[in-house]
Amino acid sequence: MKRTNRFTRRDILALGAGAVAGGLSGCAGGETDSGSSESLLTHDQWGQGETGLSYRTSDFYTPIEAESSQPAAAPALRTQHEAWAEAHPEYRIDVEYPAFDQWKDDLVLDLAEGEGPDGSTLDSSWVADFYEFLQPLNDHVDDVDDFFPFVKNATMQDGDLLAGWKYTGCRCLYYRQDLIDRYGDGTPPRTWDDLVGLGEDIADGEEITPFMFRSEPFDNLPYFWGQGGELVDDDGAPVLGEDPNRQAMVNVLSFIRELVETGVTPQRVANVEDVEDLPREGRNDQLAMFIGNNDLIEREFKNVVEDDSWQRWQVAQIPMMESDQFATGVGGWTEGAFIEPGADGADAMREFTSRFVDPDAMARYCAATNFLPTRESAYDSEFYGDDAIEYQDTFRELLQDGVARPAVPIYSTIASEYGDAIERVVTGQADPEAAVDRMTAAVTEEYDG
Amino acid sequence: MATAGEDSPIGFGVERVRDVAGRVIDSPVPWLLPTLAVLALFQLYPLVEAVQLSLTNEVLTTADTEFVGLQNYTDLFTSIGFRQMVVVTTVFAVSSIVLHTVAGLILALAIDYGVRRGLRAHLTTRVSVLLAWIVPGIIIGLIWKVMLIESQLGAVNYLLGTVGIGPVPFRSDPTLALVSTIVAGTWRGTAFAMIMIYGGLQRIPQRLYEAARVDGAGRWARFRHVTIPQLKPVLFVTLVLVSIYALNTFDLIFALTDGGPGQATEVFALFMYRKAFTDYALGEAAAVAVVLLGVNLLLTGIYLHVFDIGDQL
């Protein structure tokens, strides 16, 4: 008994080792706790405050690199969210990552039932569907006039900025410079006549498709907008059936029909859906020109082709009916706050949302992702270098004439009917006049209904 | 002589409970009750809800919902694309019903023949055909979409190209696009008809064929006067189910052509899906659903009349 109460040398050594290990682990633990960068932001929670603010987004926008579908953007987002968390220690953002297919549907349903989140990322084309739920951000966003006009048109209602459009992209003409040099004068086609003429020459001289586009409506609306066409009036009512809008649409569909009839464009464009389809044909030397989004030059050419052959591909304004017409379609994602004013955390949520459109934050994000900033001052930011994206000067110029999807509920019907009209004309199911009349009637019917 | 126990109130009560329990157990009601409850909850209630919804202007994006009577039905029948949709749906459904049933019958007869003759690989054949049925329609649509790509990248056009044909515009030509959806649907749906009819063939007594042979009936006569009459109940059920499947098909078309080009392959089921999940117009979508239900019931009534098998069901 006496012996068992005595410490042996082995016991003392074990205790000592334990104490050292415990001390070291304590030091390590202390270091982790104080490492604010690790603990301040996790994949599901941004900030450490007592009060949680619910927020839905995509893992495209998580600041945690290992969890992100867009790891390059994570550092920029981390900087932004850490700054918010430090400025609002009493709040935290509880993040949900809904499945993309169900995201909008669930959000509409939840908000209609009063069970929506406090904030959410929104596609720019969704914004109109959420006008009645979105809360103004004006108090937290400086110089609203700094945004490109298309941003203000889509996200502002009665002077209220309802969503922060955090980045954009634009449609342009992609063309093979070597073929333009061989069959043209070296400059890309500016008008429809230029395009058809050049396309016919390429078709005659090369085993290659001269020009393609997707029947996706947004890729083809610049032709209409460039003529000054308007889809809706100031009240959001469709005005497609009224001249000069109707004539502008007939002109577009006649041009598309001409492209198919002359063999410049194959009929199969009626079912080209994926954005990767056309650049893939371009990389395989099967296509000379196409309409695509600005990010394709990096994503589908520069980052995919091993040699410098991507440089054969250049970008330009989308050809128009007349040479003095300009327009491009713009897209992108926005951020919105739904939490009612006066509720606990309402200001914090709106401040969180507005940080996405802070010029420096926007510049950091866009430089990391090759997207385009939506406000002029972001291009002048120290964080948006000359090498942020190839051909950025051209894209910035195109954005001056950017036109967003009309932020009205009837747009989805217009787009759907326009896509169908293009397909009918391309496949010979209808002539341009008949296609426009049917499109107009369907849109009016939906609007009146 | 009654015992003391039977005369006592307790004994009387036990006997009465036993009587009641016996009557309840003998009655079909308690046995049907769980099924009826499930049907009421999962079939009848949604049906009533759909009809009720079709009489409102409910849209997910707005809070106000009003009773609009038959307005949704009027809008549907007078809508611009209605006539084309009727034609497309009719062509798709009739072609699908005929092709599924005929192809299923041929396959079932072939497999039945193989089994009776002890030929090998009949099980492999059945499993192979059934595999197409197991795969979800949306996947079938995507598989066919890839196969029918209108360049040398598409398997079918590549094969046609090797013999100097094509590229064939399987999805961008309006007529061929509809044919493509019918073929893809048949490729998938034939398995179901086959398995139903094959099951029906197993029920036909061999003595009927033997008697027919004794009477000098040839193959065609045996098929016409023995096989077909014996298969009538199974063919009826198959036709009803295949009709429902054909009229309600939207996933395969959604993936293969998305209703295009234009609206060349837009069937009612796809239109209903768009109304509900693109436009969020639940009232209008419910009206389409109720019309489809009516068409299905009408077809079932026609089949019942034509097959004249009411007493066998």
# chains A, B, ... in the order shown; residues from 1 in each chain; ligands from 1
>>> select_by_dssp(residues="region 53-172 of chain A", states="alpha helix (DSSP H)", output="PyMOL selection string")
chain A and resi 74-87+100-112+149-155
>>> residues_around(residues="Val330 (chain A)", least_positions_apart="5", cutoff="7 Å", atoms="only C-alpha atoms", output="list in words")
Thr168, Gly169, Cys170, Arg171, Gly402, Val403 and Ala404 of chain A
>>> write_last_selection(atoms="N, CA and C atoms", output="mmCIF file, in the first residue's frame")
data_model
loop_
_atom_site.group_PDB
_atom_site.id
_atom_site.type_symbol
_atom_site.label_atom_id
_atom_site.label_comp_id
_atom_site.auth_asym_id
_atom_site.auth_seq_id
_atom_site.Cartn_x
_atom_site.Cartn_y
_atom_site.Cartn_z
ATOM 1 N N THR A 168 -20.477 42.055 -64.208
ATOM 2 C CA THR A 168 -21.265 41.832 -65.427
ATOM 3 C C THR A 168 -20.420 41.140 -66.491
ATOM 4 N N GLY A 169 -21.067 40.859 -67.590
ATOM 5 C CA GLY A 169 -20.400 40.338 -68.775
ATOM 6 C C GLY A 169 -21.170 40.895 -69.956
ATOM 7 N N CYS A 170 -20.586 40.860 -71.134
ATOM 8 C CA CYS A 170 -21.324 41.407 -72.278
ATOM 9 C C CYS A 170 -21.126 40.533 -73.514
ATOM 10 N N ARG A 171 -22.074 40.636 -74.419
ATOM 11 C CA ARG A 171 -22.009 39.879 -75.666
ATOM 12 C C ARG A 171 -21.162 40.645 -76.682
ATOM 13 N N GLY A 402 -24.269 49.008 -73.208
ATOM 14 C CA GLY A 402 -24.867 47.803 -72.632
ATOM 15 C C GLY A 402 -26.365 47.964 -72.406
ATOM 16 N N VAL A 403 -27.078 46.920 -72.703
ATOM 17 C CA VAL A 403 -28.523 46.906 -72.434
ATOM 18 C C VAL A 403 -28.826 45.637 -71.641
ATOM 19 N N ALA A 404 -29.427 45.826 -70.478
ATOM 20 C CA ALA A 404 -29.783 44.664 -69.662
ATOM 21 C C ALA A 404 -31.152 44.164 -70.068
#
>>> closest_atom_pairs(of="chain A", to="chain B", cutoff="7 Å", atoms="only C-alpha atoms", output="tab-separated table")
residue	atom	partner	partner_atom	distance
A:Val108	CA	B:Thr61	CA	6.1
A:Leu109	CA	B:Leu60	CA	6.4
A:Ala112	CA	B:Ala63	CA	6.4
A:Asp129	CA	B:Thr61	CA	7.0
A:Gln267	CA	B:Ser172	CA	6.6
A:Arg268	CA	B:Ser172	CA	5.3
A:Ala270	CA	B:Ser172	CA	5.5
A:Asn271	CA	B:Ser172	CA	5.9
A:Asp420	CA	B:Gly262	CA	4.0
A:Ala421	CA	B:Gly262	CA	6.3
A:Glu423	CA	B:Gly262	CA	4.9
A:Arg424	CA	B:Gly262	CA	4.9
A:Thr427	CA	B:Asp173	CA	6.2
A:Ala442	CA	B:Ile80	CA	6.2
>>> closest_atom_pairs(of="region 326-429 of chain A", to="region 154-166 of chain A", cutoff="6 Å", atoms="only C-alpha atoms", output="Markdown table")
| residue | atom | partner | partner_atom | distance |
| --- | --- | --- | --- | --- |
| A:Trp333 | CA | A:Trp165 | CA | 6.0 |
| A:Thr334 | CA | A:Trp165 | CA | 4.1 |
| A:Glu335 | CA | A:Gly164 | CA | 5.0 |
| A:Gly336 | CA | A:Ala163 | CA | 4.8 |
| A:Phe356 | CA | A:Lys166 | CA | 5.7 |
| A:Val357 | CA | A:Lys166 | CA | 5.3 |
| A:Ala407 | CA | A:Ala154 | CA | 5.0 |
>>> write_last_selection(atoms="C-alpha atoms", output="tab-separated table (two decimals), in the first residue's frame")
chain	number	residue	atom	x	y	z
A	333	TRP	CA	-25.30	38.70	-60.63
A	334	THR	CA	-26.59	41.01	-57.97
A	335	GLU	CA	-27.05	41.05	-54.21
A	336	GLY	CA	-30.29	41.98	-52.48
A	356	PHE	CA	-20.31	43.89	-52.98
A	357	VAL	CA	-20.55	47.06	-55.06
A	407	ALA	CA	-36.42	44.44	-65.46
>>> atom_distance(atom1="CA of Ile302 (chain B)", atom2="CA of Val237 (chain B)")
12.5 Å
>>> residues_around(residues="Ala276 (chain B)", least_positions_apart="4", cutoff="9 Å", atoms="only C-alpha atoms", output="ChimeraX atom specification")
/B:59-60,271-272,280-286
>>> residues_around(residues="Leu252 (chain B)", least_positions_apart="2", cutoff="6 Å", atoms="only C-alpha atoms", output="compact mmCIF listing (two decimals) with C-alpha atoms, in the first residue's frame")
# COMPACT_ATOMS: atom_id res chain seq x y z
CA GLY B 137 -36.78 10.10 -69.02
CA ILE B 138 -34.59 13.15 -68.57
CA GLY B 141 -33.55 12.66 -73.48
CA PHE B 250 -42.47 16.04 -70.67
CA PHE B 254 -37.68 18.79 -72.21
CA ALA B 255 -34.19 17.31 -72.36
>>> closest_residue(among="A:Asp285, A:Asn294, A:Glu242, A:Phe352", to="Asp393 (chain A)", atoms="only C-alpha atoms")
A:Asn294
>>> closest_residue(among="A:Pro406, A:Pro244, A:Pro98, A:Pro222", to="Gly329 (chain A)", atoms="only C-alpha atoms")
A:Pro222
>>> select_by_dssp(residues="region 274-415 of chain A", states="strand (DSSP E)", output="MDAnalysis selection string")
chainID A and resid 287:293 313:316 328:337 402:404
>>> residues_around(residues="region 111-126 of chain B", least_positions_apart="5", cutoff="12 Å", atoms="only C-alpha atoms", output="PyMOL selection string")
chain B and resi 104-106+131-133+190-204+206+227
>>> write_last_selection(atoms="C-alpha atoms", output="PDB file, in the first residue's frame")
ATOM      1  CA  GLY B 104     -44.014  -4.292 -77.030  1.00  0.00           C
ATOM      2  CA  LEU B 105     -46.287  -6.997 -78.469  1.00  0.00           C
ATOM      3  CA  ILE B 106     -43.696  -8.060 -81.037  1.00  0.00           C
ATOM      4  CA  LEU B 131     -32.836  -1.163 -68.795  1.00  0.00           C
ATOM      5  CA  ALA B 132     -34.130   1.579 -71.072  1.00  0.00           C
ATOM      6  CA  TRP B 133     -37.304   1.729 -69.020  1.00  0.00           C
ATOM      7  CA  THR B 190     -41.564  -0.258 -75.305  1.00  0.00           C
ATOM      8  CA  ALA B 191     -40.120  -2.162 -72.360  1.00  0.00           C
ATOM      9  CA  PHE B 192     -43.142  -1.431 -70.222  1.00  0.00           C
ATOM     10  CA  ALA B 193     -45.599  -2.671 -72.860  1.00  0.00           C
ATOM     11  CA  MET B 194     -43.402  -5.696 -73.458  1.00  0.00           C
ATOM     12  CA  ILE B 195     -43.329  -6.754 -69.822  1.00  0.00           C
ATOM     13  CA  MET B 196     -47.094  -6.300 -69.451  1.00  0.00           C
ATOM     14  CA  ILE B 197     -47.913  -8.263 -72.595  1.00  0.00           C
ATOM     15  CA  TYR B 198     -45.336 -10.927 -71.829  1.00  0.00           C
ATOM     16  CA  GLY B 199     -47.053 -11.425 -68.465  1.00  0.00           C
ATOM     17  CA  GLY B 200     -50.375 -11.731 -70.303  1.00  0.00           C
ATOM     18  CA  LEU B 201     -48.953 -14.336 -72.681  1.00  0.00           C
ATOM     19  CA  GLN B 202     -47.942 -16.525 -69.737  1.00  0.00           C
ATOM     20  CA  ARG B 203     -51.573 -16.631 -68.622  1.00  0.00           C
ATOM     21  CA  ILE B 204     -52.863 -18.139 -71.876  1.00  0.00           C
ATOM     22  CA  GLN B 206     -51.542 -24.059 -73.804  1.00  0.00           C
ATOM     23  CA  THR B 227     -53.688 -14.914 -78.502  1.00  0.00           C
TER      24      THR B 227
END
>>> atom_distance(atom1="CA of Asp360 (chain A)", atom2="CA of Phe147 (chain A)")
13.7 Å
>>> closest_residue(among="A:Tyr391, A:Tyr223, A:Phe290, A:Tyr91", to="Phe371 (chain A)", atoms="only C-alpha atoms")
A:Tyr391
>>> residues_around(residues="region 68-70 of chain B", least_positions_apart="6", cutoff="9 Å", atoms="only C-alpha atoms", output="list in words")
Ser54, Leu55, Thr56, Asn57 and Ala287 of chain B
>>> decode(residues="region 398-444 of chain A", atoms="N, CA and C atoms", output="compact mmCIF listing (two decimals), in the first residue's frame")
# COMPACT_ATOMS: atom_id res chain seq x y z
N LEU A 398 -17.67 48.48 -75.03
CA LEU A 398 -18.97 47.87 -75.35
C LEU A 398 -19.99 48.13 -74.26
N LEU A 399 -19.52 48.15 -73.01
CA LEU A 399 -20.46 48.33 -71.89
C LEU A 399 -21.14 49.70 -71.90
N GLN A 400 -20.53 50.66 -72.58
CA GLN A 400 -21.18 51.97 -72.67
C GLN A 400 -22.54 51.84 -73.35
N ASP A 401 -22.66 50.86 -74.22
CA ASP A 401 -23.93 50.65 -74.92
C ASP A 401 -24.63 49.39 -74.41
N GLY A 402 -24.27 49.01 -73.21
CA GLY A 402 -24.87 47.80 -72.63
C GLY A 402 -26.36 47.96 -72.41
N VAL A 403 -27.08 46.92 -72.70
CA VAL A 403 -28.52 46.91 -72.43
C VAL A 403 -28.83 45.64 -71.64
N ALA A 404 -29.43 45.83 -70.48
CA ALA A 404 -29.78 44.66 -69.66
C ALA A 404 -31.15 44.16 -70.07
N ARG A 405 -31.42 42.95 -69.65
CA ARG A 405 -32.78 42.44 -69.85
C ARG A 405 -33.73 43.42 -69.17
N PRO A 406 -34.81 43.80 -69.82
CA PRO A 406 -35.76 44.71 -69.16
C PRO A 406 -36.20 44.12 -67.82
N ALA A 407 -36.11 44.94 -66.80
CA ALA A 407 -36.42 44.44 -65.46
C ALA A 407 -37.92 44.48 -65.22
N VAL A 408 -38.63 43.74 -66.03
CA VAL A 408 -40.09 43.67 -65.88
C VAL A 408 -40.50 42.20 -65.98
N PRO A 409 -41.57 41.85 -65.29
CA PRO A 409 -41.98 40.44 -65.27
C PRO A 409 -42.28 39.87 -66.66
N ILE A 410 -42.78 40.70 -67.58
CA ILE A 410 -43.17 40.18 -68.89
C ILE A 410 -41.94 39.79 -69.74
N TYR A 411 -40.74 40.19 -69.30
CA TYR A 411 -39.56 39.91 -70.10
C TYR A 411 -39.37 38.41 -70.35
N SER A 412 -39.64 37.60 -69.34
CA SER A 412 -39.41 36.16 -69.52
C SER A 412 -40.27 35.63 -70.67
N THR A 413 -41.48 36.16 -70.80
CA THR A 413 -42.35 35.74 -71.92
C THR A 413 -41.80 36.26 -73.24
N ILE A 414 -41.37 37.53 -73.23
CA ILE A 414 -40.81 38.11 -74.46
C ILE A 414 -39.60 37.30 -74.92
N ALA A 415 -38.72 36.98 -73.97
CA ALA A 415 -37.51 36.23 -74.31
C ALA A 415 -37.87 34.86 -74.87
N SER A 416 -38.78 34.21 -74.20
CA SER A 416 -39.18 32.87 -74.64
C SER A 416 -39.78 32.92 -76.05
N GLU A 417 -40.64 33.89 -76.28
CA GLU A 417 -41.28 34.01 -77.59
C GLU A 417 -40.28 34.43 -78.66
N TYR A 418 -39.33 35.27 -78.28
CA TYR A 418 -38.30 35.70 -79.24
C TYR A 418 -37.44 34.51 -79.66
N GLY A 419 -37.06 33.70 -78.68
CA GLY A 419 -36.29 32.49 -78.98
C GLY A 419 -37.06 31.57 -79.93
N ASP A 420 -38.36 31.41 -79.66
CA ASP A 420 -39.19 30.58 -80.53
C ASP A 420 -39.28 31.19 -81.93
N ALA A 421 -39.42 32.53 -81.99
CA ALA A 421 -39.53 33.20 -83.30
C ALA A 421 -38.25 32.99 -84.11
N ILE A 422 -37.10 33.12 -83.46
CA ILE A 422 -35.82 32.89 -84.16
C ILE A 422 -35.78 31.47 -84.71
N GLU A 423 -36.18 30.51 -83.86
CA GLU A 423 -36.14 29.11 -84.29
C GLU A 423 -37.11 28.86 -85.45
N ARG A 424 -38.28 29.49 -85.40
CA ARG A 424 -39.25 29.31 -86.49
C ARG A 424 -38.71 29.86 -87.81
N VAL A 425 -38.04 31.01 -87.72
CA VAL A 425 -37.50 31.63 -88.93
C VAL A 425 -36.31 30.83 -89.45
N VAL A 426 -35.44 30.41 -88.56
CA VAL A 426 -34.27 29.63 -88.96
C VAL A 426 -34.67 28.32 -89.63
N THR A 427 -35.74 27.69 -89.11
CA THR A 427 -36.14 26.39 -89.63
C THR A 427 -37.19 26.49 -90.73
N GLY A 428 -37.54 27.72 -91.11
CA GLY A 428 -38.49 27.89 -92.20
C GLY A 428 -39.94 27.64 -91.83
N GLN A 429 -40.25 27.57 -90.53
CA GLN A 429 -41.65 27.35 -90.13
C GLN A 429 -42.48 28.62 -90.31
N ALA A 430 -41.81 29.76 -90.34
CA ALA A 430 -42.55 31.02 -90.49
C ALA A 430 -41.64 32.04 -91.16
N ASP A 431 -42.26 32.98 -91.92
CA ASP A 431 -41.46 34.08 -92.45
C ASP A 431 -41.32 35.14 -91.35
N PRO A 432 -40.40 36.07 -91.49
CA PRO A 432 -40.14 37.03 -90.41
C PRO A 432 -41.37 37.80 -89.96
N GLU A 433 -42.19 38.24 -90.90
CA GLU A 433 -43.39 39.02 -90.54
C GLU A 433 -44.33 38.17 -89.68
N ALA A 434 -44.58 36.95 -90.13
CA ALA A 434 -45.51 36.09 -89.40
C ALA A 434 -44.96 35.74 -88.02
N ALA A 435 -43.65 35.52 -87.96
CA ALA A 435 -43.04 35.18 -86.68
C ALA A 435 -43.17 36.33 -85.69
N VAL A 436 -42.97 37.55 -86.19
CA VAL A 436 -43.09 38.72 -85.30
C VAL A 436 -44.54 38.90 -84.85
N ASP A 437 -45.47 38.72 -85.77
CA ASP A 437 -46.89 38.87 -85.40
C ASP A 437 -47.30 37.85 -84.34
N ARG A 438 -46.85 36.63 -84.53
CA ARG A 438 -47.21 35.59 -83.54
C ARG A 438 -46.56 35.90 -82.19
N MET A 439 -45.30 36.33 -82.25
CA MET A 439 -44.58 36.67 -81.02
C MET A 439 -45.30 37.80 -80.29
N THR A 440 -45.67 38.83 -81.04
CA THR A 440 -46.34 39.99 -80.46
C THR A 440 -47.67 39.59 -79.82
N ALA A 441 -48.43 38.77 -80.56
CA ALA A 441 -49.74 38.35 -80.05
C ALA A 441 -49.59 37.53 -78.78
N ALA A 442 -48.60 36.64 -78.76
CA ALA A 442 -48.41 35.80 -77.57
C ALA A 442 -48.01 36.63 -76.36
N VAL A 443 -47.13 37.62 -76.59
CA VAL A 443 -46.69 38.48 -75.49
C VAL A 443 -47.86 39.33 -74.96
N THR A 444 -48.62 39.88 -75.89
CA THR A 444 -49.78 40.69 -75.49
C THR A 444 -50.80 39.86 -74.72
